[in-house]
Every structure is written in structure tokens, then in C-alpha cells.
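Peer 1: Structure file final-v2.csv (CSV, C-alpha atoms) is given on the next line.
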```
chain,number,residue,atom,x,y,z
I,2,LEU,CA,-217.4,-24.9,-27.2
I,3,ALA,CA,-218.1,-24.0,-23.6
I,4,LEU,CA,-220.2,-21.0,-24.8
I,5,THR,CA,-222.1,-23.1,-27.2
I,6,LEU,CA,-222.9,-25.7,-24.5
I,7,ASP,CA,-224.0,-23.0,-22.1
I,8,TRP,CA,-226.4,-21.6,-24.8
I,9,ALA,CA,-227.7,-25.1,-25.5
I,10,VAL,CA,-228.5,-25.8,-21.8
I,11,ARG,CA,-230.1,-22.5,-21.2
I,12,GLY,CA,-232.0,-22.3,-24.5
I,13,THR,CA,-233.5,-25.8,-24.1
I,14,GLN,CA,-234.0,-25.4,-20.3
I,15,ALA,CA,-231.9,-28.6,-19.8
I,16,GLN,CA,-230.2,-29.8,-16.7
I,17,ARG,CA,-226.9,-30.6,-18.3
I,18,GLY,CA,-225.3,-31.2,-21.7
I,19,TRP,CA,-222.3,-32.2,-23.7
I,20,ILE,CA,-220.5,-31.6,-27.0
I,21,ALA,CA,-218.6,-34.3,-28.9
I,22,ILE,CA,-216.1,-33.5,-31.6
I,23,CYS,CA,-214.9,-35.7,-34.5
I,24,ASP,CA,-211.1,-35.7,-35.2
I,25,PRO,CA,-210.9,-35.3,-39.0
I,26,ASP,CA,-207.6,-37.2,-39.2
I,27,THR,CA,-208.8,-40.3,-37.3
I,28,ASP,CA,-212.6,-40.1,-37.5
I,29,ARG,CA,-212.7,-40.8,-33.8
I,30,TRP,CA,-215.2,-39.0,-31.5
I,31,SER,CA,-214.3,-37.5,-28.2
I,32,VAL,CA,-216.1,-35.4,-25.6
I,33,ALA,CA,-215.0,-31.8,-25.8
I,34,ALA,CA,-217.3,-30.2,-23.3
I,35,GLY,CA,-219.7,-31.6,-20.7
I,36,THR,CA,-220.0,-35.2,-19.5
I,37,PRO,CA,-222.4,-37.5,-21.4
I,38,ASN,CA,-223.3,-41.0,-20.0
I,39,THR,CA,-221.9,-42.6,-23.2
I,40,LEU,CA,-221.3,-41.9,-26.9
I,41,ASP,CA,-221.9,-45.6,-27.8
I,42,ASP,CA,-225.6,-46.1,-27.5
I,43,ALA,CA,-227.8,-46.2,-30.6
I,44,PRO,CA,-229.5,-42.8,-30.5
I,45,VAL,CA,-226.2,-41.0,-30.1
I,46,LEU,CA,-224.6,-43.0,-32.8
I,47,ARG,CA,-227.4,-42.1,-35.3
I,48,VAL,CA,-226.6,-38.4,-34.7
I,49,LEU,CA,-222.8,-38.8,-34.8
I,50,HIS,CA,-223.0,-40.8,-38.1
I,51,GLY,CA,-225.3,-38.4,-39.7
I,52,GLU,CA,-228.2,-40.8,-40.0
I,53,GLN,CA,-230.5,-38.4,-38.1
I,54,PRO,CA,-229.8,-34.7,-37.8
I,55,LEU,CA,-231.8,-34.5,-34.5
I,56,VAL,CA,-233.0,-37.1,-32.0
I,57,ASN,CA,-235.4,-36.4,-29.2
I,58,GLN,CA,-235.3,-39.5,-27.0
I,59,ALA,CA,-238.1,-39.7,-24.4
I,60,GLY,CA,-237.1,-40.0,-20.8
I,61,SER,CA,-238.0,-42.8,-18.4
I,62,GLN,CA,-238.2,-43.3,-14.6
I,63,ASP,CA,-234.5,-44.3,-14.6
I,64,ALA,CA,-233.1,-41.9,-17.2
I,65,PRO,CA,-233.8,-38.3,-18.3
I,66,ALA,CA,-234.9,-37.4,-21.8
I,67,ARG,CA,-232.1,-36.5,-24.3
I,68,LEU,CA,-232.2,-34.1,-27.2
I,69,MET,CA,-229.3,-34.3,-29.6
I,70,ALA,CA,-228.3,-32.5,-32.8
I,71,GLY,CA,-225.5,-33.0,-35.2
I,72,MET,CA,-223.4,-30.1,-36.5
I,73,ARG,CA,-222.8,-30.6,-40.2
I,74,ARG,CA,-220.4,-29.0,-42.6
I,75,GLY,CA,-220.9,-30.1,-46.1
I,76,ASP,CA,-221.6,-33.8,-46.3
I,77,ARG,CA,-220.1,-34.7,-42.9
I,78,VAL,CA,-221.0,-34.3,-39.2
I,79,ILE,CA,-218.1,-32.6,-37.4
I,80,ALA,CA,-219.6,-32.4,-33.9
I,81,ALA,CA,-222.8,-33.0,-32.0
I,82,VAL,CA,-224.5,-31.4,-29.0
I,83,GLY,CA,-226.7,-33.2,-26.5
I,84,VAL,CA,-228.7,-32.0,-23.6
I,85,GLU,CA,-230.7,-33.8,-20.9
I,86,ALA,CA,-233.9,-32.9,-19.0
I,87,PRO,CA,-237.1,-34.5,-17.8
I,88,ALA,CA,-238.7,-33.6,-21.2
I,89,PHE,CA,-238.2,-31.3,-24.1
I,90,SER,CA,-240.7,-29.1,-26.0
I,91,PRO,CA,-240.9,-28.6,-29.8
I,92,GLU,CA,-239.4,-25.1,-29.2
I,93,ALA,CA,-236.4,-26.7,-27.7
I,94,GLU,CA,-235.9,-28.9,-30.8
I,95,VAL,CA,-236.1,-25.8,-33.0
I,96,PHE,CA,-233.6,-23.9,-30.9
I,97,LEU,CA,-231.1,-26.7,-30.7
I,98,ARG,CA,-231.2,-27.4,-34.4
I,99,ARG,CA,-230.5,-23.7,-35.2
I,100,LEU,CA,-227.8,-23.5,-32.6
I,101,ALA,CA,-226.1,-26.6,-34.1
I,102,GLU,CA,-226.2,-25.0,-37.5
I,103,HIS,CA,-224.4,-21.8,-36.3
I,104,ALA,CA,-222.0,-23.7,-34.0
I,105,ALA,CA,-220.9,-25.9,-36.9
I,106,ALA,CA,-219.7,-22.9,-38.9
I,107,ALA,CA,-217.9,-21.6,-35.8
I,108,ILE,CA,-216.2,-24.9,-35.0
I,109,GLU,CA,-215.0,-25.3,-38.6
I,110,ASN,CA,-213.7,-21.8,-38.7
I,111,THR,CA,-211.8,-22.4,-35.4
I,112,ARG,CA,-210.3,-25.6,-36.9
I,113,LEU,CA,-209.2,-23.6,-40.0
I,114,TYR,CA,-207.8,-20.9,-37.8
I,115,GLN,CA,-205.8,-23.4,-35.8
I,116,ALA,CA,-204.5,-25.0,-38.9
I,117,VAL,CA,-203.4,-21.6,-40.3
I,118,ARG,CA,-201.7,-20.9,-36.9
I,119,GLN,CA,-199.8,-24.2,-37.0
I,120,ALA,CA,-198.8,-23.5,-40.6
I,121,ASN,CA,-197.5,-20.1,-39.7
I,122,LEU,CA,-195.7,-21.4,-36.7
I,123,ALA,CA,-194.0,-24.1,-38.9
I,124,LYS,CA,-193.1,-21.5,-41.5
I,125,SER,CA,-191.6,-19.2,-38.8
I,126,GLN,CA,-189.6,-22.1,-37.3
I,127,PHE,CA,-188.3,-23.0,-40.8
I,128,ILE,CA,-187.3,-19.4,-41.5
I,129,THR,CA,-185.6,-19.2,-38.1
I,130,VAL,CA,-183.5,-22.3,-38.8
I,131,VAL,CA,-182.7,-21.4,-42.4
I,132,SER,CA,-181.7,-17.8,-41.4
I,133,HIS,CA,-179.4,-19.1,-38.7
I,134,GLU,CA,-177.8,-21.7,-41.0
I,135,LEU,CA,-177.3,-19.1,-43.8
I,136,LYS,CA,-175.4,-16.6,-41.5
I,137,THR,CA,-172.3,-18.8,-41.1
I,138,PRO,CA,-171.6,-19.4,-44.8
I,139,MET,CA,-172.3,-15.8,-45.6
I,140,THR,CA,-169.9,-14.6,-43.0
I,141,SER,CA,-167.3,-17.0,-44.4
I,142,ILE,CA,-167.8,-15.8,-47.9
I,143,ARG,CA,-167.6,-12.2,-47.0
I,144,GLY,CA,-164.5,-12.7,-44.8
I,145,TYR,CA,-162.5,-14.7,-47.4
I,146,ALA,CA,-163.6,-12.5,-50.4
I,147,ASP,CA,-162.6,-9.4,-48.4
I,148,LEU,CA,-159.2,-10.9,-47.6
I,149,VAL,CA,-158.6,-11.7,-51.3
I,150,ARG,CA,-159.7,-8.2,-52.3
I,151,GLN,CA,-157.2,-6.7,-49.9
I,152,GLY,CA,-154.4,-8.7,-51.5
I,153,ALA,CA,-153.8,-11.0,-48.5
I,154,VAL,CA,-153.0,-13.9,-50.8
I,155,GLY,CA,-151.3,-12.1,-53.6
I,156,PRO,CA,-151.8,-9.2,-56.1
I,157,VAL,CA,-155.3,-8.6,-57.3
I,158,THR,CA,-156.0,-7.2,-60.8
I,159,PRO,CA,-158.6,-4.5,-61.4
I,160,GLN,CA,-161.0,-7.0,-63.0
I,161,GLN,CA,-160.6,-9.4,-60.1
I,162,THR,CA,-161.4,-6.5,-57.7
I,163,GLU,CA,-164.5,-5.7,-59.7
I,164,PHE,CA,-165.6,-9.3,-59.5
I,165,LEU,CA,-165.0,-9.4,-55.8
I,166,ASP,CA,-167.0,-6.2,-55.3
I,167,ILE,CA,-169.9,-8.0,-57.0
I,168,VAL,CA,-169.5,-10.9,-54.6
I,169,LEU,CA,-169.5,-8.7,-51.6
I,170,ASP,CA,-172.5,-6.7,-52.8
I,171,ASN,CA,-174.5,-9.8,-53.3
I,172,VAL,CA,-173.5,-11.1,-49.8
I,173,ASP,CA,-174.8,-7.8,-48.4
I,174,ARG,CA,-178.1,-8.4,-50.4
I,175,MET,CA,-178.4,-11.9,-48.9
I,176,ALA,CA,-177.6,-10.6,-45.5
I,177,GLY,CA,-180.4,-8.0,-45.9
I,178,LEU,CA,-182.8,-10.7,-47.0
I,179,VAL,CA,-181.9,-12.9,-44.0
I,180,SER,CA,-182.3,-10.0,-41.7
I,181,ASP,CA,-185.8,-9.2,-43.1
I,182,LEU,CA,-186.9,-12.9,-42.9
I,183,THR,CA,-185.6,-13.1,-39.3
I,184,ASP,CA,-187.6,-9.9,-38.4
I,185,ILE,CA,-190.8,-11.3,-40.0
I,186,SER,CA,-190.4,-14.5,-38.2
I,187,ARG,CA,-189.9,-12.8,-34.8
I,188,ILE,CA,-192.8,-10.4,-35.4
I,189,GLU,CA,-195.2,-13.1,-36.4
I,190,THR,CA,-194.3,-15.2,-33.4
I,191,GLY,CA,-194.2,-12.3,-30.9
I,192,ARG,CA,-190.4,-12.8,-30.2
I,193,LEU,CA,-189.2,-9.4,-31.5
I,194,LYS,CA,-187.7,-7.5,-28.6
I,195,ILE,CA,-188.4,-3.8,-28.2
I,196,ASN,CA,-185.8,-1.9,-26.1
I,197,PRO,CA,-187.2,1.6,-25.6
I,198,ALA,CA,-185.2,4.7,-24.8
I,199,ARG,CA,-185.7,8.5,-24.8
I,200,LEU,CA,-184.1,10.0,-27.9
I,201,ASP,CA,-183.9,12.9,-30.2
I,202,LEU,CA,-185.7,12.1,-33.4
I,203,ALA,CA,-183.8,14.6,-35.5
I,204,ALA,CA,-180.5,13.1,-34.5
I,205,TYR,CA,-181.5,9.6,-35.6
I,206,ALA,CA,-183.0,10.9,-38.9
I,207,GLY,CA,-179.6,12.6,-39.5
I,208,GLU,CA,-177.8,9.3,-38.8
I,209,ALA,CA,-180.0,7.5,-41.4
I,210,VAL,CA,-179.4,10.3,-43.9
I,211,THR,CA,-175.6,10.1,-43.3
I,212,GLY,CA,-175.7,6.3,-43.9
I,213,LEU,CA,-177.3,6.8,-47.3
I,214,ARG,CA,-175.2,9.8,-48.4
I,215,PRO,CA,-173.0,7.8,-50.9
I,216,GLN,CA,-176.1,6.6,-52.8
I,217,VAL,CA,-177.7,10.0,-52.7
I,218,ASP,CA,-174.5,11.7,-54.1
I,219,ALA,CA,-174.1,8.9,-56.7
I,220,ARG,CA,-177.5,9.7,-58.1
I,221,ARG,CA,-177.1,13.4,-57.8
I,222,LEU,CA,-180.2,13.7,-55.6
I,223,GLN,CA,-181.1,16.7,-53.5
I,224,LEU,CA,-181.8,15.5,-49.9
I,225,VAL,CA,-183.4,18.0,-47.6
I,226,SER,CA,-184.0,17.6,-43.9
I,227,ASP,CA,-186.7,19.7,-42.2
I,228,PHE,CA,-186.9,19.2,-38.4
I,229,PRO,CA,-188.1,22.3,-36.6
I,230,PRO,CA,-186.4,23.2,-33.4
I,231,GLY,CA,-188.1,22.4,-30.1
I,232,LEU,CA,-189.4,18.9,-31.1
I,233,PRO,CA,-189.8,17.0,-27.9
I,234,PRO,CA,-187.9,13.7,-27.4
I,235,ILE,CA,-189.8,10.5,-27.9
I,236,VAL,CA,-189.7,7.1,-26.2
I,237,THR,CA,-189.1,4.4,-28.7
I,238,ASP,CA,-186.6,1.7,-29.8
I,239,PRO,CA,-183.6,3.5,-31.3
I,240,SER,CA,-182.4,0.6,-33.5
I,241,ARG,CA,-185.9,-0.1,-34.8
I,242,LEU,CA,-186.5,3.6,-35.5
I,243,LEU,CA,-183.2,3.8,-37.4
I,244,GLN,CA,-184.3,0.7,-39.4
I,245,ILE,CA,-187.6,2.3,-40.3
I,246,LEU,CA,-186.0,5.5,-41.4
I,247,THR,CA,-183.3,3.7,-43.4
I,248,ASN,CA,-185.8,1.5,-45.2
I,249,LEU,CA,-188.1,4.4,-46.2
I,250,LEU,CA,-185.2,6.7,-47.2
I,251,SER,CA,-183.5,3.8,-49.1
I,252,ASN,CA,-186.7,3.2,-51.1
I,253,ALA,CA,-186.9,6.9,-51.9
I,254,VAL,CA,-183.3,6.9,-53.1
I,255,LYS,CA,-183.8,3.8,-55.3
I,256,TYR,CA,-186.9,4.9,-57.0
I,257,THR,CA,-186.1,8.6,-57.5
I,258,PRO,CA,-184.5,9.4,-60.9
I,259,GLU,CA,-181.2,11.2,-61.0
I,260,GLY,CA,-181.4,14.8,-60.2
I,261,GLY,CA,-184.6,14.3,-58.2
I,262,ARG,CA,-185.5,15.6,-54.7
I,263,ILE,CA,-186.1,13.9,-51.4
I,264,ARG,CA,-187.4,15.7,-48.3
I,265,VAL,CA,-187.6,14.2,-44.8
I,266,SER,CA,-189.5,16.2,-42.3
I,267,SER,CA,-191.2,15.9,-38.9
I,268,ARG,CA,-194.0,17.7,-37.1
I,269,GLN,CA,-195.6,17.3,-33.7
I,270,HIS,CA,-199.4,16.6,-33.6
I,271,GLY,CA,-200.6,16.6,-30.1
I,272,ASP,CA,-199.0,13.6,-28.3
I,273,THR,CA,-197.6,12.1,-31.5
I,274,ILE,CA,-194.9,13.0,-34.0
I,275,ARG,CA,-195.3,12.5,-37.7
I,276,VAL,CA,-192.3,11.8,-39.9
I,277,SER,CA,-192.7,12.1,-43.7
I,278,ILE,CA,-190.3,11.1,-46.5
I,279,GLU,CA,-191.4,12.8,-49.7
I,280,ASP,CA,-189.7,12.1,-53.1
I,281,THR,CA,-190.1,13.1,-56.7
I,282,GLY,CA,-189.8,9.4,-57.9
I,283,ILE,CA,-191.7,7.2,-60.2
I,284,GLY,CA,-194.8,7.0,-58.0
I,285,MET,CA,-197.4,4.2,-57.8
I,286,THR,CA,-200.8,3.4,-59.1
I,287,ALA,CA,-203.8,3.0,-56.7
I,288,ASP,CA,-203.6,-0.8,-57.2
I,289,GLU,CA,-199.9,-0.9,-56.4
I,290,GLN,CA,-200.5,1.2,-53.2
I,291,ALA,CA,-203.2,-1.3,-52.1
I,292,ARG,CA,-200.7,-4.2,-52.3
I,293,LEU,CA,-197.6,-2.3,-51.3
I,294,PHE,CA,-197.2,-3.8,-47.8
I,295,THR,CA,-197.8,-7.4,-48.8
I,296,GLN,CA,-194.9,-9.6,-48.3
I,297,PHE,CA,-192.9,-10.3,-51.6
I,298,PHE,CA,-195.0,-7.8,-53.6
I,299,ARG,CA,-193.0,-5.9,-56.2
I,300,SER,CA,-194.5,-3.7,-58.9
I,301,ASP,CA,-194.3,-4.7,-62.6
I,302,ASN,CA,-193.0,-1.3,-63.4
I,303,PRO,CA,-189.7,-1.8,-65.3
I,304,ALA,CA,-188.1,1.0,-63.2
I,305,VAL,CA,-188.9,-1.0,-60.1
I,306,ARG,CA,-187.8,-4.4,-61.5
I,307,GLU,CA,-184.4,-3.1,-62.4
I,308,GLN,CA,-183.7,-2.3,-58.8
I,309,PRO,CA,-182.6,-5.2,-56.5
I,310,GLY,CA,-185.1,-6.2,-53.9
I,311,TRP,CA,-187.3,-8.9,-52.4
I,312,GLY,CA,-190.5,-7.1,-51.6
I,313,LEU,CA,-190.0,-7.5,-47.9
I,314,GLY,CA,-188.7,-4.2,-46.7
I,315,LEU,CA,-192.0,-2.2,-46.5
I,316,SER,CA,-193.8,-5.1,-45.0
I,317,VAL,CA,-191.2,-5.3,-42.2
I,318,THR,CA,-191.3,-1.5,-41.9
I,319,ARG,CA,-195.0,-1.3,-41.4
I,320,SER,CA,-194.9,-4.1,-38.8
I,321,LEU,CA,-192.1,-2.3,-36.9
I,322,VAL,CA,-194.0,1.0,-36.9
I,323,GLU,CA,-197.1,-0.7,-35.5
I,324,LEU,CA,-195.0,-2.5,-32.9
I,325,LEU,CA,-193.8,0.9,-31.8
I,326,GLY,CA,-197.4,2.1,-31.4
I,327,GLY,CA,-197.6,4.1,-34.7
I,328,LYS,CA,-199.1,3.9,-38.1
I,329,LEU,CA,-197.6,4.0,-41.6
I,330,ALA,CA,-199.3,5.5,-44.6
I,331,VAL,CA,-198.5,6.3,-48.2
I,332,GLN,CA,-199.7,8.8,-50.8
I,333,SER,CA,-198.5,8.5,-54.4
I,334,GLU,CA,-199.1,9.4,-58.0
I,335,PRO,CA,-197.4,7.8,-61.0
I,336,GLY,CA,-194.7,10.1,-62.4
I,337,VAL,CA,-195.1,12.6,-59.6
I,338,GLY,CA,-193.7,10.9,-56.6
I,339,SER,CA,-194.5,9.3,-53.2
I,340,THR,CA,-194.8,10.4,-49.6
I,341,PHE,CA,-194.4,7.8,-46.9
I,342,SER,CA,-195.5,9.1,-43.5
I,343,PHE,CA,-195.5,7.4,-40.1
I,344,THR,CA,-196.6,8.5,-36.7
I,345,LEU,CA,-195.1,7.6,-33.4
I,346,PRO,CA,-196.5,8.4,-29.9
I,347,LEU,CA,-194.3,10.6,-27.7
I,348,THR,CA,-194.6,8.0,-25.0
I,349,PRO,CA,-196.4,4.7,-25.9
I,350,PRO,CA,-198.2,3.2,-22.9
I,351,ALA,CA,-196.7,-0.2,-23.6
I,352,LEU,CA,-193.1,1.1,-23.7
I,353,LYS,CA,-191.1,2.5,-20.8
I,354,ALA,CA,-187.8,4.3,-21.3
I,355,GLU,CA,-184.7,2.7,-19.7
I,356,PRO,CA,-183.2,5.0,-16.9
I,357,GLY,CA,-180.5,7.1,-18.3
I,358,ALA,CA,-181.0,6.0,-21.9
I,359,GLY,CA,-180.9,8.6,-24.7
```
Let me see the structure of the file written as C-alpha cells.

Peer 2:
Amino acid sequence: LALTLDWAVRGTQAQRGWIAICDPDTDRWSVAAGTPNTLDDAPVLRVLHGEQPLVNQAGSQDAPARLMAGMRRGDRVIAAVGVEAPAFSPEAEVFLRRLAEHAAAAIENTRLYQAVRQANLAKSQFITVVSHELKTPMTSIRGYADLVRQGAVGPVTPQQTEFLDIVLDNVDRMAGLVSDLTDISRIETGRLKINPARLDLAAYAGEAVTGLRPQVDARRLQLVSDFPPGLPPIVTDPSRLLQILTNLLSNAVKYTPEGGRIRVSSRQHGDTIRVSIEDTGIGMTADEQARLFTQFFRSDNPAVREQPGWGLGLSVTRSLVELLGGKLAVQSEPGVGSTFSFTLPLTPPALKAEPGAG
């Protein structure tokens, strides 16, 4: 608004000006920039109410001339701009009219943007509250189910143990969903904390591989690590790096048929390190790749649908990679497999390692 008013004053060679905005909820007008004498006299009201798109009111000995234009979107006037000077030329009228047309679109887009921001903020606040409220009952369910499974309240039959295992597995799934939702909320509101440290990438990749070893062995997959010696340490957030590696490796395990192969590797490229997770899984079409990082997107492929998931993991993973100063990419072909690669700078400018960390 300040920029628009500045253009209006300079473009019409006016002495001063103002912009008034209509509140869409109350239909009340208020001054948003500049200082008009009044918004209640007849010429101004004709512009505000849309009766005249432009008014050039001649000046007098006691008052300057006024040139006013309405900013219309659709069938309503959403704002108006007015300028004052001893007199205005026809060129000034043309300029102010065109400026009002362009400014109307900008103002409306700003309103829409603010509305989206408010909606996103409300969504994030809701997610934060719900996630917090879910953690207590989930902890209780897990605790009591584990006690019963261990026989703390009496003998447990094999069938009861099986049922309790299902309960615990689903609690873990819910905990994963809550964790992803919490991360999304923190990322979108800028509240996700990054705690950088200097670390050995190969060691953290090995930790992620170790954590998934039971699933890898159960599916008889071949998991190969390829980290050449001499890779320099990187400065990044250890827990977030482990989360990224675990998410990508877990996806590769889930969508690679039994007997398949997964290869995790890393190479240095200048001042960055690239990590790749390559699998011989079901692969993806070009359309699926285009939508892959959208929240809650899941492929219609039956092999994907039979795996548990919410379609949030890759969206969170990409956001985390970008927060750490890197980029995440995917290459895939149906029936052949997928390769997820992400780059991380050795020392991101925005991150500084904590003394003695590593």
C-alpha cells in the first residue's frame, strides 16, 4: 500500500495522497495509508460506493484539487486511492486509473495470502494441540499392553500375545503419525529446532541400517553400504540426519520385493556430500514422482496400498533436507526401482557446530 501510494503521488505529480481499504467482513472503510481530509464527503463516497470509477474534483482557493480512483475486483470496490494537487492533467487521470487496476489485483492477492497464512496457522495450532493430547493416551495404551504381554497380571496365551503385538504395532504406527504431524507443524511455523554438530556421515548411515536390519532380514533383502574412506565430516543436525536416512531406507525396504537389493552410498562433490539410496523395488511412474512429496499422497499401486503408511514421511523428509541446506531428488522407473538422493553442504552457512560435538 505504501508503495502504491508513492507511485500514485509521483505519477500524478501530486502533493500528497491516501489509500482507503474496505473491510470485507464489516463493509467499513478505513484509511490504510496517507491522511485524507475526510472519507465522508460526496465525491469520495461516489468512488467508495462504486458509483464513479474516477473523480477529478477541481480545486479552489481554499482547497486543492482531488483525483480519486476506485480499485475494483469483480463487482465490488475493495479500495480507493486519492491524491491532491493544485490541478491534474488528463495524463494524470489515465495514470491513476491504470495504477488502481493493477493495485486492486495486488491488494486482493495480499488478502488471499493473509487468509491462507491464518488458515495454515490455525491448522498448525490444531495439529500441535491434537498431537500433544494424543501422546498421553498412546503412552498409557503402550504401557499397559506391554505389562499384560509380559504376564504382569497373569499368564498370557499365544493368541493373546499375538493380539497384544498387534496393539503395540498400531500404537507405534500412531506414534509415527503424531511425530510426522508434529514435525510438519513445527516446520510450517518455523519452530523446528536445528542442533548442528560435526559428525561422521558413514557412522550415522550405519546406525540407520542397523535399526532396519530386522526388516531387511525378514524380507531377505541384500543391503549394501558404500561409503569410501576419507569422506570429510559434515556439520548438520545428527537426529534429523538419522531421521532422513531412516525414512528413505525404510521406504526402500517396504517397497522392494523379497530377495531384492538396496544400496546406500555417498560421494563428495566439491563442498557438498551426496547420499543415494538405490533399490530394485516396484518403482514409480512420472506422474507419481511429480506428486510424491505432496502431503498425504499415496500411489494407487496395490503394492503400495498393502503397506501401512500415511503419505507424510517423504514430505517431512524433503522439508528436513531443505532445512539442513540440501536438496532431495528421486529417479524411478516402474518395475525397475527407485533412487532417492539428497545433498548436504559440508558446512551450511546458517549452521554452526557446537564446540566439542561429534

Peer 1: Starting from the point (-183.7, 16.9, -56.4), work out which residues of protein, DNA or RNA have an atom no more than 10 Å away when counting only C-alpha atoms; state them as a PDB file with C-alpha atoms, keeping the file's coordinate frame.

Peer 2:
```pdb
ATOM      1  CA  VAL I 217    -177.700  10.000 -52.700  1.00  0.00           C
ATOM      2  CA  ARG I 220    -177.500   9.700 -58.100  1.00  0.00           C
ATOM      3  CA  ARG I 221    -177.100  13.400 -57.800  1.00  0.00           C
ATOM      4  CA  LEU I 222    -180.200  13.700 -55.600  1.00  0.00           C
ATOM      5  CA  GLN I 223    -181.100  16.700 -53.500  1.00  0.00           C
ATOM      6  CA  LEU I 224    -181.800  15.500 -49.900  1.00  0.00           C
ATOM      7  CA  VAL I 225    -183.400  18.000 -47.600  1.00  0.00           C
ATOM      8  CA  THR I 257    -186.100   8.600 -57.500  1.00  0.00           C
ATOM      9  CA  PRO I 258    -184.500   9.400 -60.900  1.00  0.00           C
ATOM     10  CA  GLU I 259    -181.200  11.200 -61.000  1.00  0.00           C
ATOM     11  CA  GLY I 260    -181.400  14.800 -60.200  1.00  0.00           C
ATOM     12  CA  GLY I 261    -184.600  14.300 -58.200  1.00  0.00           C
ATOM     13  CA  ARG I 262    -185.500  15.600 -54.700  1.00  0.00           C
ATOM     14  CA  ILE I 263    -186.100  13.900 -51.400  1.00  0.00           C
ATOM     15  CA  ARG I 264    -187.400  15.700 -48.300  1.00  0.00           C
ATOM     16  CA  ASP I 280    -189.700  12.100 -53.100  1.00  0.00           C
ATOM     17  CA  THR I 281    -190.100  13.100 -56.700  1.00  0.00           C
ATOM     18  CA  GLY I 282    -189.800   9.400 -57.900  1.00  0.00           C
TER      19      GLY I 282
END
```

Peer 1: Which one of I:Val265, I:Val179, I:Leu2, I:Val48 sits closest to Thr111 of chain I if you count all atoms listed in the file?

Peer 2: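 Checking each candidate against Thr111 of chain I, we get I:Leu2 as the closest.
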
Peer 1: Which polymer residues have any atom within 7 Å of an atom of segment 85-91 of chain I, counting only C-alpha atoms, with same-chain residues fewer than 4 positions away left out, as a tab-separated table (two decimals) with C-alpha atoms, keeping the file's coordinate frame?

Peer 2:
```
chain	number	residue	atom	x	y	z
I	15	ALA	CA	-231.90	-28.60	-19.80
I	16	GLN	CA	-230.20	-29.80	-16.70
I	17	ARG	CA	-226.90	-30.60	-18.30
I	18	GLY	CA	-225.30	-31.20	-21.70
I	59	ALA	CA	-238.10	-39.70	-24.40
I	60	GLY	CA	-237.10	-40.00	-20.80
I	65	PRO	CA	-233.80	-38.30	-18.30
I	66	ALA	CA	-234.90	-37.40	-21.80
I	67	ARG	CA	-232.10	-36.50	-24.30
I	68	LEU	CA	-232.20	-34.10	-27.20
I	95	VAL	CA	-236.10	-25.80	-33.00
```

Peer 1: Would you work out the distance separating atom CA of Val45 of chain I from atom CA of Gln115 of chain I, expressed in Å to one decimal?

Peer 2: 27.5 Å

Peer 1: List as JSON, numbers by chain the protein and nucleic acid residues near Thr273 of chain I, meaning an atom at most 7 Å away when all atoms listed in the file are counted, but skip any in the same chain fewer than 6 places from it.

Peer 2: {"I": [344, 345, 346, 347]}

Peer 1: Would you compute the distance between atom CA of Ala120 of chain I and atom CA of Ile185 of chain I? Give it in Å to one decimal.

Peer 2: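 Calculated distance between atom CA of Ala120 of chain I and atom CA of Ile185 of chain I is 14.6 Å.
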
Peer 1: Atom CA of Gly312 of chain I and atom CA of Gln296 of chain I are how many Å apart?

Peer 2: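 Atom CA of Gln296 of chain I lies at a distance of 6.0 Å from atom CA of Gly312 of chain I.
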
Peer 1: Nearest residue to Ser125 of chain I out of I:Ala106, I:Ala64, I:Ala70, I:Ile188, using all atoms listed in the file?

Peer 2: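 Checking each candidate against Ser125 of chain I, we get I:Ile188 as the closest.
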
Peer 1: Would you write out, as JSON lines, a table of all residues in segment 188-256 of chain I that have an atom no more than 10 Å from an atom of segment 326-338 of chain I, listing for each the closest atom pair and the distance in Å to one decimal, considering all atoms listed in the file and ordering rows by chain and rising residue number?

Peer 2:
```
{"residue": "I:Thr237", "atom": "CA", "partner": "I:Gly326", "partner_atom": "CA", "distance": 9.0}
{"residue": "I:Ala253", "atom": "CA", "partner": "I:Gly338", "partner_atom": "CA", "distance": 9.2}
{"residue": "I:Tyr256", "atom": "CA", "partner": "I:Gly338", "partner_atom": "CA", "distance": 9.1}
```

Peer 1: Nearest to Gln53 of chain I: which of I:Arg98, I:Leu193, I:Arg241, I:Thr27 is it, counting all atoms listed in the file?

Peer 2: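 Among the listed residues, I:Arg98 lies closest to Gln53 of chain I.
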
Peer 1: Near Arg299 of chain I, counting only C-alpha atoms, which residues have an atom at most 8 Å away, once you skip same-chain residues fewer than 4 positions from it, shown as a list in words?

Peer 2: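 So, after excluding close chain neighbours, the residues are Leu293, Val305, Arg306, Trp311 and Gly312 of chain I.
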
Peer 1: Skipping near chain neighbours, those fewer than 4 positions away, what residues fall within 8 Å of Leu321 of chain I using all atoms listed in the file, listed as a VMD selection string?

Peer 2: chain I and resid 241 245 317 325

Peer 1: Which of these residues is nearest to Arg11 of chain I, using only C-alpha atoms: I:Ala93, I:Met72, I:His50, I:Asn302?

Peer 2: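 Distance minimum relative to Arg11 of chain I lands on I:Ala93.
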
Peer 1: Calculated over all atoms listed in the file, which of the candidates I:Ala219, I:Leu49, I:Ala198, I:Ala116 has the smallest distance to Val82 of chain I?

Peer 2: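 The answer is I:Leu49, which sits nearest to Val82 of chain I.
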
Peer 1: Would you mind telling me which residue in I:Asp24, I:Asp227, I:Asp166, I:Asp238 lies nearest to Gly207 of chain I when using all atoms listed in the file?

Peer 2: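 Looking only at the distances to Gly207 of chain I, the closest residue turns out to be I:Asp227.
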
Peer 1: Hey, what's within 12 Å of Arg112 of chain I if we count all atoms listed in the file and toss same-chain stuff fewer than 6 positions away? As a ChimeraX atom specification, please?

Peer 2: /I:22-25,79-80,105-106,118-119
